[in-house]
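The structure appears below as structure tokens.
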Amino acid sequence: MPVPFPTTDTERLGPPDLDEVMTVAGAFTSALSGPDGLTELQRLVLRAITKSMTGFDVPYNSVCWVSPPQLGEVLADRPAIFRRRIVQMMLIGELLLRPLPKEVSERVEQYAVELGVCDDMFAIARRLAEGSLGLALFDFQRSGYQGNWEFDEYADSLHTRKRLAGPWEENPDDPELASRWAALEHCPPNTLGRGVFEFYQARGFHVPGTPGSAPPLLAQHDWLHVLCDYGSTVECEVEVFSFIARANDDPQAFSLQAMVLNLFETGYLSAGAGLFEYDTGHLSRTTEHAERMATRMADAMYRAARCSYKEDLLKVDWFALADLPLDDARRLFNVIPKSEAAYEAGSVSPWERGGISAYQFEYGRRRAVEAGREYECYGAVPSPT
């Protein structure tokens, strides 16, 4: 039977102590272990997120197993949003597995039921565990963030001429929208809007409203690349969408983080957000790379937790803030600097080596030549490997 939620007077809101963290870590291990225990990637990701979020460095290879009732007892005075975050971490660990064992999917649901927390991702995980990738994709499209999207809630921030039928619908013929994006060139230096203009110029991105452009809603996330200081490689996309998903208190936003994991690690999704195509193994390429990516993703989630805006960052009218100095924009949203560990793990800005892919760099140069202008990368160059 689910553990009842506490009342406002009895709920516990402070950070967890070591005992609580160890109990939760034991539950993660119990829920997510296959026949050989946690995978190396699961261990690295769970350890990094736990350390980033709580400050405790948990040795996941030696924690005691914790049953659903035991976890429910420890979290009995925790509110729904805290319990939901715990379950979402379990789902992260689950979505790192390919193949996904049916028993793991079933155990994660048992913990969620005990905590009284439901998530649309459970149906998807069940399909994946059954090997029904087509049905899982169908469930993904109709549930979570994508399935509950309403254009009217985003109309004022997207500035599109036409009404979009879905969140990732393209809009390639909208001169007014294109002009609005192109006008970011005239924002003062070192402002948020000017940063987005330079981000597009360096990579040769087509502005929304023109052929070849990203869906207007997806283009919203480009403002976050600049605001949060993330480059534009696949690894950086994992950071950006982890930030966007974790900053939003709406549980359905978690589907955005699930999307990038399914696209860029396991390949459960073949495409997403109207533009991205799957390219697997971007977390688990090597042990060293997995540890670095775990640190980067965990830091993005911690920074998002500290963000003062707790709704959908893709719904913000960023054009209204385009003239803000970048530092002022970061203060407005309380976007704190990256941790030293994230920098050491290779987290890069859009304006330095490794902050742009080789394809984007070459495409930006080609578009500059076609336009008859000198190419400017604003410091962004690909990594040598």
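Convention: chains lettered A, B, ... in structure tokens order; per-chain residue numbering from 1; ligands numbered from 1 as shown.
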Exercise for review: Using backbone DSSP assignments, extract all strand (DSSP E) residues from stretch 154-346 of chain A; output them as a PyMOL selection string.
Suggested key: chain A and resi 271-272+276-277
Close residues, A:Ser105 itself excluded, 12 Å, only C-alpha atoms, min 2 positions apart in chain, as a PDB file with N, CA and C atoms, in the first residue's frame:
ATOM      1  N   SER A  30      18.960  -1.748  -5.336  1.00  0.00           N
ATOM      2  CA  SER A  30      18.020  -2.869  -5.302  1.00  0.00           C
ATOM      3  C   SER A  30      17.109  -2.871  -6.518  1.00  0.00           C
ATOM      4  N   ALA A  31      16.642  -1.691  -6.903  1.00  0.00           N
ATOM      5  CA  ALA A  31      15.690  -1.600  -8.005  1.00  0.00           C
ATOM      6  C   ALA A  31      16.344  -1.823  -9.360  1.00  0.00           C
ATOM      7  N   LEU A  32      17.574  -1.366  -9.525  1.00  0.00           N
ATOM      8  CA  LEU A  32      18.166  -1.252 -10.860  1.00  0.00           C
ATOM      9  C   LEU A  32      19.166  -2.338 -11.209  1.00  0.00           C
ATOM     10  N   SER A  33      19.511  -3.173 -10.260  1.00  0.00           N
ATOM     11  CA  SER A  33      20.531  -4.185 -10.517  1.00  0.00           C
ATOM     12  C   SER A  33      20.001  -5.320 -11.378  1.00  0.00           C
ATOM     13  N   GLY A  34      20.798  -5.697 -12.362  1.00  0.00           N
ATOM     14  CA  GLY A  34      20.516  -6.896 -13.132  1.00  0.00           C
ATOM     15  C   GLY A  34      21.177  -8.094 -12.476  1.00  0.00           C
ATOM     16  N   VAL A  87      12.155   8.803  -7.774  1.00  0.00           N
ATOM     17  CA  VAL A  87      11.713   7.847  -8.790  1.00  0.00           C
ATOM     18  C   VAL A  87      12.294   8.206 -10.155  1.00  0.00           C
ATOM     19  N   MET A  90      15.615   6.813 -10.457  1.00  0.00           N
ATOM     20  CA  MET A  90      15.527   5.383 -10.788  1.00  0.00           C
ATOM     21  C   MET A  90      15.284   5.194 -12.276  1.00  0.00           C
ATOM     22  N   LEU A  91      14.415   6.025 -12.842  1.00  0.00           N
ATOM     23  CA  LEU A  91      14.129   5.920 -14.263  1.00  0.00           C
ATOM     24  C   LEU A  91      15.356   6.243 -15.109  1.00  0.00           C
ATOM     25  N   ILE A  92      16.160   7.186 -14.669  1.00  0.00           N
ATOM     26  CA  ILE A  92      17.409   7.466 -15.379  1.00  0.00           C
ATOM     27  C   ILE A  92      18.269   6.212 -15.416  1.00  0.00           C
ATOM     28  N   GLY A  93      18.430   5.591 -14.247  1.00  0.00           N
ATOM     29  CA  GLY A  93      19.215   4.369 -14.185  1.00  0.00           C
ATOM     30  C   GLY A  93      18.631   3.259 -15.038  1.00  0.00           C
ATOM     31  N   GLU A  94      17.310   3.201 -15.123  1.00  0.00           N
ATOM     32  CA  GLU A  94      16.633   2.181 -15.922  1.00  0.00           C
ATOM     33  C   GLU A  94      16.857   2.417 -17.414  1.00  0.00           C
ATOM     34  N   LEU A  95      16.778   3.687 -17.835  1.00  0.00           N
ATOM     35  CA  LEU A  95      16.888   4.004 -19.257  1.00  0.00           C
ATOM     36  C   LEU A  95      18.324   3.943 -19.772  1.00  0.00           C
ATOM     37  N   LEU A  96      19.277   3.673 -18.885  1.00  0.00           N
ATOM     38  CA  LEU A  96      20.666   3.482 -19.315  1.00  0.00           C
ATOM     39  C   LEU A  96      20.937   2.041 -19.727  1.00  0.00           C
ATOM     40  N   LEU A  97      19.953   1.182 -19.543  1.00  0.00           N
ATOM     41  CA  LEU A  97      20.137  -0.242 -19.831  1.00  0.00           C
ATOM     42  C   LEU A  97      19.613  -0.612 -21.212  1.00  0.00           C
ATOM     43  N   ARG A  98      20.433  -1.317 -21.952  1.00  0.00           N
ATOM     44  CA  ARG A  98      19.970  -1.940 -23.203  1.00  0.00           C
ATOM     45  C   ARG A  98      20.700  -3.251 -23.389  1.00  0.00           C
ATOM     46  N   PRO A  99      19.996  -4.368 -23.343  1.00  0.00           N
ATOM     47  CA  PRO A  99      18.546  -4.461 -23.180  1.00  0.00           C
ATOM     48  C   PRO A  99      18.110  -4.109 -21.761  1.00  0.00           C
ATOM     49  N   LEU A 100      16.849  -3.775 -21.640  1.00  0.00           N
ATOM     50  CA  LEU A 100      16.267  -3.442 -20.344  1.00  0.00           C
ATOM     51  C   LEU A 100      15.550  -4.674 -19.799  1.00  0.00           C
ATOM     52  N   PRO A 101      16.078  -5.302 -18.738  1.00  0.00           N
ATOM     53  CA  PRO A 101      15.432  -6.507 -18.191  1.00  0.00           C
ATOM     54  C   PRO A 101      14.037  -6.204 -17.646  1.00  0.00           C
ATOM     55  N   LYS A 102      13.119  -7.097 -17.918  1.00  0.00           N
ATOM     56  CA  LYS A 102      11.743  -6.899 -17.469  1.00  0.00           C
ATOM     57  C   LYS A 102      11.675  -6.798 -15.950  1.00  0.00           C
ATOM     58  N   GLU A 103      12.514  -7.588 -15.257  1.00  0.00           N
ATOM     59  CA  GLU A 103      12.452  -7.563 -13.795  1.00  0.00           C
ATOM     60  C   GLU A 103      12.889  -6.219 -13.219  1.00  0.00           C
ATOM     61  N   ARG A 107      10.553  -3.873 -10.884  1.00  0.00           N
ATOM     62  CA  ARG A 107      10.984  -3.461  -9.542  1.00  0.00           C
ATOM     63  C   ARG A 107      10.893  -1.947  -9.374  1.00  0.00           C
ATOM     64  N   VAL A 108      11.300  -1.207 -10.384  1.00  0.00           N
ATOM     65  CA  VAL A 108      11.219   0.251 -10.289  1.00  0.00           C
ATOM     66  C   VAL A 108       9.779   0.684 -10.055  1.00  0.00           C
ATOM     67  N   GLU A 109       8.857   0.050 -10.738  1.00  0.00           N
ATOM     68  CA  GLU A 109       7.440   0.382 -10.529  1.00  0.00           C
ATOM     69  C   GLU A 109       6.994   0.055  -9.109  1.00  0.00           C
ATOM     70  N   GLN A 110       7.510  -0.997  -8.529  1.00  0.00           N
ATOM     71  CA  GLN A 110       7.151  -1.347  -7.157  1.00  0.00           C
ATOM     72  C   GLN A 110       7.562  -0.247  -6.184  1.00  0.00           C
ATOM     73  N   TYR A 111       8.746   0.295  -6.379  1.00  0.00           N
ATOM     74  CA  TYR A 111       9.192   1.394  -5.516  1.00  0.00           C
ATOM     75  C   TYR A 111       8.319   2.631  -5.729  1.00  0.00           C
ATOM     76  N   ALA A 112       7.964   2.902  -6.986  1.00  0.00           N
ATOM     77  CA  ALA A 112       7.129   4.059  -7.274  1.00  0.00           C
ATOM     78  C   ALA A 112       5.749   3.914  -6.641  1.00  0.00           C
ATOM     79  N   MET A 121       6.558   7.662 -17.882  1.00  0.00           N
ATOM     80  CA  MET A 121       7.689   6.909 -18.393  1.00  0.00           C
ATOM     81  C   MET A 121       7.612   5.420 -18.065  1.00  0.00           C
ATOM     82  N   PHE A 122       6.777   5.048 -17.083  1.00  0.00           N
ATOM     83  CA  PHE A 122       6.684   3.630 -16.718  1.00  0.00           C
ATOM     84  C   PHE A 122       6.136   2.792 -17.862  1.00  0.00           C
ATOM     85  N   ALA A 123       5.106   3.319 -18.531  1.00  0.00           N
ATOM     86  CA  ALA A 123       4.538   2.580 -19.660  1.00  0.00           C
ATOM     87  C   ALA A 123       5.583   2.385 -20.748  1.00  0.00           C
ATOM     88  N   ILE A 124       6.396   3.404 -20.965  1.00  0.00           N
ATOM     89  CA  ILE A 124       7.444   3.308 -21.987  1.00  0.00           C
ATOM     90  C   ILE A 124       8.486   2.282 -21.581  1.00  0.00           C
ATOM     91  N   ALA A 125       8.892   2.325 -20.311  1.00  0.00           N
ATOM     92  CA  ALA A 125       9.894   1.367 -19.829  1.00  0.00           C
ATOM     93  C   ALA A 125       9.377  -0.066 -19.952  1.00  0.00           C
ATOM     94  N   ARG A 126       8.090  -0.275 -19.672  1.00  0.00           N
ATOM     95  CA  ARG A 126       7.524  -1.618 -19.810  1.00  0.00           C
ATOM     96  C   ARG A 126       7.613  -2.094 -21.254  1.00  0.00           C
ATOM     97  N   ARG A 127       7.287  -1.200 -22.192  1.00  0.00           N
ATOM     98  CA  ARG A 127       7.374  -1.565 -23.607  1.00  0.00           C
ATOM     99  C   ARG A 127       8.813  -1.918 -23.989  1.00  0.00           C
ATOM    100  N   LEU A 128       9.769  -1.129 -23.503  1.00  0.00           N
ATOM    101  CA  LEU A 128      11.168  -1.389 -23.828  1.00  0.00           C
ATOM    102  C   LEU A 128      11.612  -2.738 -23.269  1.00  0.00           C
ATOM    103  N   ALA A 129      11.177  -3.029 -22.042  1.00  0.00           N
ATOM    104  CA  ALA A 129      11.545  -4.304 -21.420  1.00  0.00           C
ATOM    105  C   ALA A 129      10.941  -5.491 -22.175  1.00  0.00           C
ATOM    106  N   GLU A 130       9.802  -5.253 -22.810  1.00  0.00           N
ATOM    107  CA  GLU A 130       9.147  -6.308 -23.581  1.00  0.00           C
ATOM    108  C   GLU A 130       9.700  -6.403 -24.999  1.00  0.00           C
TER     109      GLU A 130
END
Check your understanding: By how many Å are atom CA of A:Pro167 and atom CA of A:Leu321 apart?
Key -> 22.4 Å
Point to revise | Among the residues A:Trp181, A:Trp168, A:Tyr343, A:Trp65, the one that comes closest to A:Gln146 [using only C-alpha atoms] | key: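 Of A:Trp181, A:Trp168, A:Tyr343, A:Trp65, the one nearest A:Gln146 is A:Trp168, counting only C-alpha atoms.
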Check your understanding: What gap, in Å, lies between atom CA of A:Arg330 and atom CA of A:Tyr363?
Key -> 29.6 Å
Revision key, fill the gap. Residue with the minimum atom-to-atom distance to A:Arg367, picked from A:His225, A:Arg292, A:Arg306, A:Arg203 with only C-alpha atoms counted, is A:Arg203
Practice item. Quick one: everything within 7 Å of A:Val45, counting only C-alpha atoms, minus sequence neighbours fewer than 4 positions away in the same chain. Send it as a list in words. Key: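 Result of the neighbour search: Leu41, Ile49 and Ala294 of chain A.
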Practice item. Write down as number ranges by chain the residues belonging to stretch 167-233 of chain A that are assigned alpha helix (DSSP H) by DSSP computed on the backbone. Key: A: 175-182, 192-203, 216-228
Residues near A:Thr7, cut-off 10 Å, only C-alpha atoms, skip fewer than 6 positions along chain, as a short mmCIF file (atom, residue, chain, number, x, y, z; two decimals) with N, CA and C atoms, in the first residue's frame:
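Written out: selection-v4.cif:
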data_model
loop_
_atom_site.label_atom_id
_atom_site.label_comp_id
_atom_site.auth_asym_id
_atom_site.auth_seq_id
_atom_site.Cartn_x
_atom_site.Cartn_y
_atom_site.Cartn_z
N ASP A 77 7.87 11.19 5.50
CA ASP A 77 7.60 12.60 5.75
C ASP A 77 8.09 13.49 4.61
N ARG A 78 8.44 12.90 3.49
CA ARG A 78 8.87 13.68 2.32
C ARG A 78 7.67 13.96 1.42
N PRO A 79 7.58 15.18 0.87
CA PRO A 79 6.44 15.52 0.00
C PRO A 79 6.53 14.85 -1.35
#
Exercise for review: Check the smallest atom-to-atom distance from each of A:Thr233, A:Glu340, A:Asp328, A:Met293 to A:Ala358 using only C-alpha atoms, then report the winner.
Suggested key: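 Closest to A:Ala358, using only C-alpha atoms: A:Thr233.
Of note, atom CA of A:Gly72 and atom CA of A:Leu115 are spaced 5.8 Å apart.
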Practice item. Identify, on the basis of only C-alpha atoms, every residue whose closest approach to A:Leu18 does not exceed 8 Å; exclude the query and any residue fewer than 3 positions from it along the same chain; express the result as an MDAnalysis selection string. Key: chainID A and resid 21:22 56
Applying 7 Å and only C-alpha atoms, which residues near stretch 152-156 of chain A remain after dropping the ones on its own chain fewer than 2 positions away? List them as a PDB file with N, CA and C atoms, in the first residue's frame.
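Dumped everything to out_11.pdb:
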ATOM      1  N   GLU A 150       0.247  22.232 -25.359  1.00  0.00           N
ATOM      2  CA  GLU A 150      -0.840  23.048 -25.897  1.00  0.00           C
ATOM      3  C   GLU A 150      -0.248  24.314 -26.494  1.00  0.00           C
ATOM      4  N   LEU A 158       6.688  31.887 -28.670  1.00  0.00           N
ATOM      5  CA  LEU A 158       7.195  31.378 -29.941  1.00  0.00           C
ATOM      6  C   LEU A 158       7.101  32.403 -31.060  1.00  0.00           C
ATOM      7  N   HIS A 159       6.106  33.293 -31.001  1.00  0.00           N
ATOM      8  CA  HIS A 159       5.944  34.375 -31.985  1.00  0.00           C
ATOM      9  C   HIS A 159       5.751  33.864 -33.409  1.00  0.00           C
ATOM     10  N   LYS A 315       9.098  27.839 -22.441  1.00  0.00           N
ATOM     11  CA  LYS A 315       7.920  28.694 -22.533  1.00  0.00           C
ATOM     12  C   LYS A 315       8.254  30.171 -22.315  1.00  0.00           C
ATOM     13  N   ASP A 317       9.470  33.898 -22.917  1.00  0.00           N
ATOM     14  CA  ASP A 317       9.625  34.798 -24.060  1.00  0.00           C
ATOM     15  C   ASP A 317      11.034  35.389 -23.999  1.00  0.00           C
TER      16      ASP A 317
END
**Study point:** Pick from A:Leu269, A:Met297, A:Leu324, A:Val24, whichever lies nearest to A:Glu237 using only C-alpha atoms
**Key:**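 The answer is A:Met297, which sits nearest to A:Glu237.
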Point to revise | Nearest to A:Phe254, chosen from A:Ser242, A:Thr50, A:Ser308, A:Asn171, with only C-alpha atoms counted in the distances | key: A:Ser242
**Study point:** Residue among A:Thr280, A:Asn190, A:Thr29, A:Thr10 lying closest to A:Asp323, counting only C-alpha atoms
**Key:**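 For A:Asp323, the nearest of the given residues is A:Asn190.
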